[in-house]
Amino acid sequence: MLWLALRFSHLALELVAAVQVPAGPLVVRQQQANRQQVFDADPTARRLGVRRGMSMKQAQLLVPDLAMVDRDEVGEAEGLERLAHWAMQFTSQVVIQSPRGLLLEIGASRRLFGGVTALHRQVIASCEQLGHAPRSAIAPNSQAAWWLSALSQAPVITRERELRTALAALPLDCLELSDKQRQALRRMGLQHLGECLHLPRAGLRRRFGAEWLERLDRALGHSPDPRPCFRPPHRFAARLELPAEVDNCSGLLFGLRRLLQELGGVLLGADAAIDRLMLTLEHADLPPVDIALQLLEPQRDPGYLLELWRERLEREALQAPVLSLRLASVEFQSAGHANLGLFGQPSGRAEGQALWERLQARLGREAVRRPGVVADHRPESAWSLDDSADGAPPGQRPLWLLDPPERLRQGPEGPWRDGPLRLEQGPERIESGWWQGRWVRRDYFIATDSHGARLWLFRQADERDWYLHGRFG
Amino acid sequence: MILEELLSSAPVWRGDTLLLGHQPRTLPSGYPALDGLLSGGGWPGAALTELLLDHHGIGELGLLRPLLVELGQAGKPVVWISPPYIPYAPALRQARISLESMRWVAPDQPGDAAWVAEQCLRSGSCGAVLLWPRALNTKMLRRLQLAAEQGACPGFLFRPRAVATQSSPAALRLLLSPQARGLGVELLKCRGRRPGAGTCLAV
């Protein structure tokens, strides 16, 4: 087993920054025992001397134009869970290390991603795309990886025998110790974990409790470290506050891209795909607007889905500026895996599928049709868009049908349309539909008009009026 | 003798051999008389073809029928974009044009037809694209021609004869007129051929 630990030290701040771009230095504040204190500060604020745990008054003295946001613990937990979803694309074993960490078992998937180094780099790059900059570490067990991830140099320990040396160098601040315990150790003159390891176990147990000693054993690999894995639900729902009110399509797509990337990670992790997505636009005053996207085949590629949404959203007139987006899926479907050709030639069918989806996304589902034959004697009922029967009518039929038929003028010697129509073939009697109350009794003729076009005419039996019903293309 | 030598030497470039090396693919029209007229012996396989006619029903679909039958048998989708009337399925079946591979796209908004055509031509997954445009400017025509080249897909535009005087980037332009014995076809523009040649086809 090999574990990659991600420590999102500035999770609260990063979640805020994803929503709004602050004008100046920004801190997240927290109410702690009757006083407001700094929970996290962004790099600008840190450069100006603001530190975690400082009182807000002090921070404001240092930086008068400090922007402040209240800490949202529920939001952080949700954010971490979304990250766990996202991490499922790299491994099937993800552990949430509350409140700000993720542990990924990468031993099983390292080869798929081209080795530990490549995988590590890919995870961090993907994090950065989502706006997170975690500290990370790789170690043979999850406890050691988590402790090592507190260091800024992203240590990578792949062998058990290097583990003890790496852990021995850890400063005491990195080990989940209470302030009191840390004080006690410091008073004993201890700075690093390595020095603790030389102390007698009985004494350590008495001073720091059995639980911490157990953790130490796990980190050293002396005892197993089972942890409950994150189990993703098989549907997706996420909400994104837009940085500012958005009244155009490109702004919406910018926000949507982020949601789709998360969705893509979740789908990849669950080895699933979706064929229906629902986007909800939330306005300030108006009720939210739902926009559905229906696909012909389940998909999961975020780039492809974004293209489809672009076509879909360009058609949508925004009633009011949008404040936030919600993206929800129906139950995931298992991804169908198609075999590629030996030499990677793309299959034309898949490309065609993508084309129809793009057309339908922009024009609506009904815009792309396929006509079919229906077994009915009445010409106007002999075709449909739903399904197709076998067979064809006996008589000659025109390639173009006019629906409804066009009523023709009566000329001196018969039907007239920009001149007299010359009847060439006919009549063909069509009589049907009396049981449906739409009784048709017509005599059909093939005629040529003065422009040379061949037309399909009919006359209701026992009536004099002529109608144009088709053109032979 | 001298003339022959001159003609066979490399620096002499003859108009009627134009593009034959460059045009990798033509599609037989199914009418030998027409194939004889067209450079490469058939419809341009990766370019626009304009069919100019004033009245629907004179045999313009009959002209394409052999090609459509062929493409349908190969299972390649043929897209009909904003046709003027309903493509009548029973008649298509009679004409052995495949209904399974046919797609009929009818966008609500007039501007979308050209967009659809461009997408279909460029995708490379269609056998042919048939477009009945309401209005097309030269810029859009050029885009369609480029898309047809990129996607290696033949595109057929049905336009009124009045646009014959306007220039067009289409590789082939044919004037269609009804005649007593069938459909009159006249070359208006054809790469590597002289305009004006014509024939009459029994479609």
# chains A, B, ... in the order shown; residues from 1 in each chain; ligands from 1
$ interface_residues --of "chain B" --to "chain A" --cutoff "9 Å" --atoms "only C-alpha atoms" --output "ChimeraX atom specification"
/B:54-63,77,84-95,99-109,112,116,119-120,123-126,177-180
$ residues_around --residues "range 233-236 of chain A" --least-positions-apart "5" --cutoff "7 Å" --atoms "only C-alpha atoms" --output "list in words"
Leu263, Ala328, Ser329, Val330, Glu331 and Phe332 of chain A
$ write_last_selection --atoms "N, CA and C atoms" --output "short mmCIF file (atom, residue, chain, number, x, y, z; two decimals), in the first residue's frame"
data_model
loop_
_atom_site.label_atom_id
_atom_site.label_comp_id
_atom_site.auth_asym_id
_atom_site.auth_seq_id
_atom_site.Cartn_x
_atom_site.Cartn_y
_atom_site.Cartn_z
N LEU A 263 -17.89 16.92 -11.58
CA LEU A 263 -18.73 15.81 -12.02
C LEU A 263 -17.90 14.78 -12.77
N ALA A 328 -27.32 19.03 -11.19
CA ALA A 328 -27.74 17.75 -10.61
C ALA A 328 -27.85 16.71 -11.71
N SER A 329 -27.56 15.49 -11.33
CA SER A 329 -27.66 14.41 -12.30
C SER A 329 -28.74 13.45 -11.83
N VAL A 330 -29.20 12.62 -12.73
CA VAL A 330 -30.02 11.49 -12.31
C VAL A 330 -29.07 10.39 -11.88
N GLU A 331 -29.60 9.26 -11.53
CA GLU A 331 -28.77 8.12 -11.14
C GLU A 331 -27.71 7.85 -12.21
N PHE A 332 -26.48 7.61 -11.76
CA PHE A 332 -25.42 7.31 -12.73
C PHE A 332 -25.73 6.02 -13.46
#
$ residues_around --residues "range 72-74 of chain A" --least-positions-apart "4" --cutoff "12 Å" --atoms "only C-alpha atoms" --output "list of chain:residue names"
A:Leu11, A:Ala12, A:Leu13, A:Leu15, A:Val16, A:Val28, A:Arg29, A:Gln30, A:Gln31, A:Phe39, A:Glu78, A:Gly79, A:Leu80, A:Glu81, A:Ser98, A:Pro99, A:Arg100
$ write_last_selection --atoms "C-alpha atoms" --output "CSV table (one decimal), in the first residue's frame"
chain,number,residue,atom,x,y,z
A,11,LEU,CA,-9.3,25.0,2.6
A,12,ALA,CA,-11.6,27.7,4.2
A,13,LEU,CA,-9.8,30.5,2.3
A,15,LEU,CA,-13.4,27.9,-0.9
A,16,VAL,CA,-14.0,31.6,-0.3
A,28,VAL,CA,-11.4,34.1,7.4
A,29,ARG,CA,-12.5,34.9,11.0
A,30,GLN,CA,-13.8,32.7,13.7
A,31,GLN,CA,-15.5,33.2,17.0
A,39,PHE,CA,-8.8,31.6,11.4
A,78,GLU,CA,-19.1,19.9,2.0
A,79,GLY,CA,-16.1,21.2,0.1
A,80,LEU,CA,-13.9,18.4,1.5
A,81,GLU,CA,-16.5,15.9,0.4
A,98,SER,CA,-11.5,15.6,8.9
A,99,PRO,CA,-11.4,18.5,8.9
A,100,ARG,CA,-9.0,19.3,6.1
$ closest_residue --among "B:Leu7, B:Val185, B:Leu146, B:Leu121" --to "Ala171 in chain B" --atoms "only C-alpha atoms"
B:Leu146
$ residues_around --residues "Glu463 in chain A" --least-positions-apart "6" --cutoff "12 Å" --atoms "only C-alpha atoms" --output "PyMOL selection string"
chain A and resi 441-443
$ write_last_selection --atoms "C-alpha atoms" --output "JSON list (two decimals), in the first residue's frame"
[["chain", "number", "residue", "atom", "x", "y", "z"],
["A", 441, "ARG", "CA", -62.15, 9.36, -51.01],
["A", 442, "ARG", "CA", -59.84, 10.88, -53.54],
["A", 443, "ASP", "CA", -58.76, 10.46, -57.13]]
$ select_by_dssp --residues "range 158-369 of chain A" --states "alpha helix (DSSP H)" --output "PyMOL selection string"
chain A and resi 160-168+179-187+193-197+201-220+249-269+302-314+348-363
$ residues_around --residues "Leu144 in chain B" --least-positions-apart "2" --cutoff "9 Å" --atoms "only C-alpha atoms" --output "PyMOL selection string"
chain B and resi 47-48+114-115+117-118+121-122+139-142+146-149+155+170
$ atom_distance --atom1 "CA of Pro287 in chain A" --atom2 "CA of Pro321 in chain A"
12.0 Å
$ select_by_dssp --residues "range 53-192 of chain B" --states "strand (DSSP E or B)" --output "MDAnalysis selection string"
chainID B and resid 78:81 86:87 102:105 128:131 155:159 172:179 182:190
$ write_last_selection --atoms "C-alpha atoms" --output "PDB file, in the first residue's frame"
ATOM      1  CA  VAL B  78     -27.488  11.799 -45.304  1.00  0.00           C
ATOM      2  CA  VAL B  79     -28.698  15.012 -43.731  1.00  0.00           C
ATOM      3  CA  TRP B  80     -31.571  16.969 -45.261  1.00  0.00           C
ATOM      4  CA  ILE B  81     -31.548  20.462 -43.837  1.00  0.00           C
ATOM      5  CA  ILE B  86     -41.982  17.104 -46.262  1.00  0.00           C
ATOM      6  CA  PRO B  87     -39.597  14.433 -47.559  1.00  0.00           C
ATOM      7  CA  MET B 102     -31.592   9.719 -43.367  1.00  0.00           C
ATOM      8  CA  ARG B 103     -31.709  12.655 -40.970  1.00  0.00           C
ATOM      9  CA  TRP B 104     -34.146  15.464 -41.496  1.00  0.00           C
ATOM     10  CA  VAL B 105     -33.143  18.602 -39.626  1.00  0.00           C
ATOM     11  CA  ALA B 128     -23.758  13.862 -47.778  1.00  0.00           C
ATOM     12  CA  VAL B 129     -25.423  17.066 -46.678  1.00  0.00           C
ATOM     13  CA  LEU B 130     -28.388  18.516 -48.564  1.00  0.00           C
ATOM     14  CA  LEU B 131     -29.265  22.093 -47.758  1.00  0.00           C
ATOM     15  CA  GLY B 155     -22.541  19.238 -49.703  1.00  0.00           C
ATOM     16  CA  PHE B 156     -25.429  20.017 -52.052  1.00  0.00           C
ATOM     17  CA  LEU B 157     -27.064  23.424 -51.986  1.00  0.00           C
ATOM     18  CA  PHE B 158     -30.399  23.994 -53.704  1.00  0.00           C
ATOM     19  CA  ARG B 159     -30.612  27.660 -54.652  1.00  0.00           C
ATOM     20  CA  LEU B 172     -19.394  22.803 -58.921  1.00  0.00           C
ATOM     21  CA  ARG B 173     -22.423  24.836 -59.967  1.00  0.00           C
ATOM     22  CA  LEU B 174     -25.137  23.388 -62.160  1.00  0.00           C
ATOM     23  CA  LEU B 175     -28.111  25.110 -63.704  1.00  0.00           C
ATOM     24  CA  LEU B 176     -31.137  22.818 -63.736  1.00  0.00           C
ATOM     25  CA  SER B 177     -34.107  23.312 -66.016  1.00  0.00           C
ATOM     26  CA  PRO B 178     -37.063  21.102 -66.885  1.00  0.00           C
ATOM     27  CA  GLN B 179     -37.082  19.838 -70.451  1.00  0.00           C
ATOM     28  CA  GLY B 182     -36.184  15.053 -68.599  1.00  0.00           C
ATOM     29  CA  LEU B 183     -33.914  17.362 -66.667  1.00  0.00           C
ATOM     30  CA  GLY B 184     -31.616  19.780 -68.419  1.00  0.00           C
ATOM     31  CA  VAL B 185     -28.244  20.198 -66.711  1.00  0.00           C
ATOM     32  CA  GLU B 186     -25.851  22.980 -67.666  1.00  0.00           C
ATOM     33  CA  LEU B 187     -22.381  23.555 -66.239  1.00  0.00           C
ATOM     34  CA  LEU B 188     -22.115  27.003 -64.742  1.00  0.00           C
ATOM     35  CA  LYS B 189     -18.865  26.381 -62.915  1.00  0.00           C
ATOM     36  CA  CYS B 190     -16.737  23.307 -62.718  1.00  0.00           C
TER      37      CYS B 190
END
$ decode --residues "range 45-93 of chain A" --atoms "N, CA and C atoms" --output "PDB file, in the first residue's frame"
ATOM      1  N   ALA A  45      -2.265  39.077   3.191  1.00  0.00           N
ATOM      2  CA  ALA A  45      -2.436  39.420   4.599  1.00  0.00           C
ATOM      3  C   ALA A  45      -1.279  38.869   5.426  1.00  0.00           C
ATOM      4  N   ARG A  46      -0.840  37.652   5.059  1.00  0.00           N
ATOM      5  CA  ARG A  46       0.258  37.053   5.823  1.00  0.00           C
ATOM      6  C   ARG A  46       1.534  37.871   5.668  1.00  0.00           C
ATOM      7  N   ARG A  47       1.732  38.377   4.455  1.00  0.00           N
ATOM      8  CA  ARG A  47       2.932  39.208   4.241  1.00  0.00           C
ATOM      9  C   ARG A  47       2.888  40.453   5.107  1.00  0.00           C
ATOM     10  N   LEU A  48       1.679  40.933   5.360  1.00  0.00           N
ATOM     11  CA  LEU A  48       1.543  42.142   6.169  1.00  0.00           C
ATOM     12  C   LEU A  48       1.564  41.826   7.658  1.00  0.00           C
ATOM     13  N   GLY A  49       1.754  40.572   8.017  1.00  0.00           N
ATOM     14  CA  GLY A  49       1.957  40.237   9.419  1.00  0.00           C
ATOM     15  C   GLY A  49       0.761  39.610  10.104  1.00  0.00           C
ATOM     16  N   VAL A  50      -0.319  39.356   9.406  1.00  0.00           N
ATOM     17  CA  VAL A  50      -1.483  38.737  10.030  1.00  0.00           C
ATOM     18  C   VAL A  50      -1.213  37.249  10.187  1.00  0.00           C
ATOM     19  N   ARG A  51      -1.482  36.704  11.370  1.00  0.00           N
ATOM     20  CA  ARG A  51      -1.203  35.293  11.632  1.00  0.00           C
ATOM     21  C   ARG A  51      -2.466  34.587  12.106  1.00  0.00           C
ATOM     22  N   ARG A  52      -2.509  33.305  11.905  1.00  0.00           N
ATOM     23  CA  ARG A  52      -3.617  32.488  12.392  1.00  0.00           C
ATOM     24  C   ARG A  52      -3.676  32.583  13.917  1.00  0.00           C
ATOM     25  N   GLY A  53      -4.879  32.772  14.448  1.00  0.00           N
ATOM     26  CA  GLY A  53      -5.033  32.825  15.892  1.00  0.00           C
ATOM     27  C   GLY A  53      -4.926  34.225  16.462  1.00  0.00           C
ATOM     28  N   MET A  54      -4.519  35.164  15.655  1.00  0.00           N
ATOM     29  CA  MET A  54      -4.428  36.569  16.075  1.00  0.00           C
ATOM     30  C   MET A  54      -5.844  37.116  16.295  1.00  0.00           C
ATOM     31  N   SER A  55      -5.999  38.056  17.200  1.00  0.00           N
ATOM     32  CA  SER A  55      -7.350  38.605  17.369  1.00  0.00           C
ATOM     33  C   SER A  55      -7.651  39.534  16.191  1.00  0.00           C
ATOM     34  N   MET A  56      -8.926  39.650  15.903  1.00  0.00           N
ATOM     35  CA  MET A  56      -9.311  40.449  14.743  1.00  0.00           C
ATOM     36  C   MET A  56      -8.892  41.904  14.924  1.00  0.00           C
ATOM     37  N   LYS A  57      -8.970  42.380  16.177  1.00  0.00           N
ATOM     38  CA  LYS A  57      -8.611  43.790  16.433  1.00  0.00           C
ATOM     39  C   LYS A  57      -7.171  44.044  16.024  1.00  0.00           C
ATOM     40  N   GLN A  58      -6.325  43.106  16.463  1.00  0.00           N
ATOM     41  CA  GLN A  58      -4.901  43.227  16.157  1.00  0.00           C
ATOM     42  C   GLN A  58      -4.662  43.200  14.644  1.00  0.00           C
ATOM     43  N   ALA A  59      -5.382  42.282  13.984  1.00  0.00           N
ATOM     44  CA  ALA A  59      -5.213  42.146  12.539  1.00  0.00           C
ATOM     45  C   ALA A  59      -5.630  43.431  11.837  1.00  0.00           C
ATOM     46  N   GLN A  60      -6.724  44.028  12.324  1.00  0.00           N
ATOM     47  CA  GLN A  60      -7.202  45.243  11.667  1.00  0.00           C
ATOM     48  C   GLN A  60      -6.273  46.426  11.914  1.00  0.00           C
ATOM     49  N   LEU A  61      -5.579  46.377  13.058  1.00  0.00           N
ATOM     50  CA  LEU A  61      -4.584  47.418  13.294  1.00  0.00           C
ATOM     51  C   LEU A  61      -3.444  47.300  12.282  1.00  0.00           C
ATOM     52  N   LEU A  62      -3.061  46.059  12.003  1.00  0.00           N
ATOM     53  CA  LEU A  62      -1.966  45.832  11.053  1.00  0.00           C
ATOM     54  C   LEU A  62      -2.381  46.188   9.634  1.00  0.00           C
ATOM     55  N   VAL A  63      -3.593  45.760   9.258  1.00  0.00           N
ATOM     56  CA  VAL A  63      -4.075  45.978   7.894  1.00  0.00           C
ATOM     57  C   VAL A  63      -5.441  46.650   7.977  1.00  0.00           C
ATOM     58  N   PRO A  64      -5.493  47.951   7.802  1.00  0.00           N
ATOM     59  CA  PRO A  64      -6.786  48.647   7.982  1.00  0.00           C
ATOM     60  C   PRO A  64      -7.834  48.205   6.954  1.00  0.00           C
ATOM     61  N   ASP A  65      -7.446  47.927   5.691  1.00  0.00           N
ATOM     62  CA  ASP A  65      -8.455  47.601   4.672  1.00  0.00           C
ATOM     63  C   ASP A  65      -8.628  46.090   4.515  1.00  0.00           C
ATOM     64  N   LEU A  66      -8.647  45.403   5.645  1.00  0.00           N
ATOM     65  CA  LEU A  66      -8.721  43.941   5.625  1.00  0.00           C
ATOM     66  C   LEU A  66     -10.145  43.480   5.283  1.00  0.00           C
ATOM     67  N   ALA A  67     -10.263  42.588   4.290  1.00  0.00           N
ATOM     68  CA  ALA A  67     -11.573  42.010   3.978  1.00  0.00           C
ATOM     69  C   ALA A  67     -11.774  40.787   4.863  1.00  0.00           C
ATOM     70  N   MET A  68     -13.007  40.627   5.387  1.00  0.00           N
ATOM     71  CA  MET A  68     -13.251  39.538   6.335  1.00  0.00           C
ATOM     72  C   MET A  68     -14.421  38.678   5.893  1.00  0.00           C
ATOM     73  N   VAL A  69     -14.280  37.396   6.099  1.00  0.00           N
ATOM     74  CA  VAL A  69     -15.366  36.463   5.826  1.00  0.00           C
ATOM     75  C   VAL A  69     -15.496  35.555   7.042  1.00  0.00           C
ATOM     76  N   ASP A  70     -16.736  35.257   7.448  1.00  0.00           N
ATOM     77  CA  ASP A  70     -16.922  34.351   8.581  1.00  0.00           C
ATOM     78  C   ASP A  70     -16.671  32.924   8.157  1.00  0.00           C
ATOM     79  N   ARG A  71     -16.149  32.152   9.064  1.00  0.00           N
ATOM     80  CA  ARG A  71     -15.850  30.769   8.750  1.00  0.00           C
ATOM     81  C   ARG A  71     -17.155  29.976   8.617  1.00  0.00           C
ATOM     82  N   ASP A  72     -17.192  29.090   7.655  1.00  0.00           N
ATOM     83  CA  ASP A  72     -18.391  28.289   7.400  1.00  0.00           C
ATOM     84  C   ASP A  72     -17.982  26.818   7.489  1.00  0.00           C
ATOM     85  N   GLU A  73     -18.167  26.239   8.687  1.00  0.00           N
ATOM     86  CA  GLU A  73     -17.655  24.881   8.893  1.00  0.00           C
ATOM     87  C   GLU A  73     -18.423  23.855   8.068  1.00  0.00           C
ATOM     88  N   VAL A  74     -19.721  24.090   7.927  1.00  0.00           N
ATOM     89  CA  VAL A  74     -20.511  23.163   7.114  1.00  0.00           C
ATOM     90  C   VAL A  74     -20.046  23.210   5.666  1.00  0.00           C
ATOM     91  N   GLY A  75     -19.814  24.443   5.190  1.00  0.00           N
ATOM     92  CA  GLY A  75     -19.334  24.617   3.826  1.00  0.00           C
ATOM     93  C   GLY A  75     -17.998  23.930   3.614  1.00  0.00           C
ATOM     94  N   GLU A  76     -17.132  23.984   4.635  1.00  0.00           N
ATOM     95  CA  GLU A  76     -15.825  23.332   4.510  1.00  0.00           C
ATOM     96  C   GLU A  76     -15.982  21.821   4.420  1.00  0.00           C
ATOM     97  N   ALA A  77     -16.886  21.276   5.256  1.00  0.00           N
ATOM     98  CA  ALA A  77     -17.095  19.827   5.218  1.00  0.00           C
ATOM     99  C   ALA A  77     -17.625  19.411   3.852  1.00  0.00           C
ATOM    100  N   GLU A  78     -18.540  20.229   3.298  1.00  0.00           N
ATOM    101  CA  GLU A  78     -19.070  19.927   1.965  1.00  0.00           C
ATOM    102  C   GLU A  78     -17.984  20.025   0.909  1.00  0.00           C
ATOM    103  N   GLY A  79     -17.168  21.055   1.060  1.00  0.00           N
ATOM    104  CA  GLY A  79     -16.076  21.246   0.109  1.00  0.00           C
ATOM    105  C   GLY A  79     -15.128  20.066   0.126  1.00  0.00           C
ATOM    106  N   LEU A  80     -14.849  19.570   1.341  1.00  0.00           N
ATOM    107  CA  LEU A  80     -13.936  18.435   1.459  1.00  0.00           C
ATOM    108  C   LEU A  80     -14.561  17.185   0.836  1.00  0.00           C
ATOM    109  N   GLU A  81     -15.860  17.054   1.013  1.00  0.00           N
ATOM    110  CA  GLU A  81     -16.520  15.885   0.429  1.00  0.00           C
ATOM    111  C   GLU A  81     -16.495  15.964  -1.098  1.00  0.00           C
ATOM    112  N   ARG A  82     -16.670  17.177  -1.608  1.00  0.00           N
ATOM    113  CA  ARG A  82     -16.579  17.327  -3.066  1.00  0.00           C
ATOM    114  C   ARG A  82     -15.188  16.948  -3.549  1.00  0.00           C
ATOM    115  N   LEU A  83     -14.184  17.339  -2.753  1.00  0.00           N
ATOM    116  CA  LEU A  83     -12.815  16.975  -3.133  1.00  0.00           C
ATOM    117  C   LEU A  83     -12.625  15.460  -3.082  1.00  0.00           C
ATOM    118  N   ALA A  84     -13.292  14.818  -2.125  1.00  0.00           N
ATOM    119  CA  ALA A  84     -13.201  13.359  -2.047  1.00  0.00           C
ATOM    120  C   ALA A  84     -13.807  12.733  -3.304  1.00  0.00           C
ATOM    121  N   HIS A  85     -14.925  13.310  -3.743  1.00  0.00           N
ATOM    122  CA  HIS A  85     -15.537  12.870  -5.013  1.00  0.00           C
ATOM    123  C   HIS A  85     -14.525  12.984  -6.134  1.00  0.00           C
ATOM    124  N   TRP A  86     -13.919  14.149  -6.187  1.00  0.00           N
ATOM    125  CA  TRP A  86     -12.968  14.432  -7.263  1.00  0.00           C
ATOM    126  C   TRP A  86     -11.800  13.446  -7.214  1.00  0.00           C
ATOM    127  N   ALA A  87     -11.341  13.119  -5.985  1.00  0.00           N
ATOM    128  CA  ALA A  87     -10.165  12.262  -5.837  1.00  0.00           C
ATOM    129  C   ALA A  87     -10.436  10.836  -6.280  1.00  0.00           C
ATOM    130  N   MET A  88     -11.727  10.483  -6.376  1.00  0.00           N
ATOM    131  CA  MET A  88     -12.059   9.113  -6.780  1.00  0.00           C
ATOM    132  C   MET A  88     -11.571   8.797  -8.196  1.00  0.00           C
ATOM    133  N   GLN A  89     -11.198   9.831  -8.957  1.00  0.00           N
ATOM    134  CA  GLN A  89     -10.707   9.545 -10.307  1.00  0.00           C
ATOM    135  C   GLN A  89      -9.298   8.974 -10.281  1.00  0.00           C
ATOM    136  N   PHE A  90      -8.604   9.128  -9.140  1.00  0.00           N
ATOM    137  CA  PHE A  90      -7.236   8.642  -9.089  1.00  0.00           C
ATOM    138  C   PHE A  90      -7.127   7.281  -8.409  1.00  0.00           C
ATOM    139  N   THR A  91      -8.067   6.969  -7.572  1.00  0.00           N
ATOM    140  CA  THR A  91      -8.009   5.723  -6.820  1.00  0.00           C
ATOM    141  C   THR A  91      -9.404   5.376  -6.329  1.00  0.00           C
ATOM    142  N   SER A  92      -9.611   4.118  -6.029  1.00  0.00           N
ATOM    143  CA  SER A  92     -10.932   3.755  -5.509  1.00  0.00           C
ATOM    144  C   SER A  92     -10.972   3.869  -3.988  1.00  0.00           C
ATOM    145  N   GLN A  93      -9.829   4.068  -3.357  1.00  0.00           N
ATOM    146  CA  GLN A  93      -9.805   4.186  -1.887  1.00  0.00           C
ATOM    147  C   GLN A  93      -9.437   5.601  -1.483  1.00  0.00           C
TER     148      GLN A  93
END
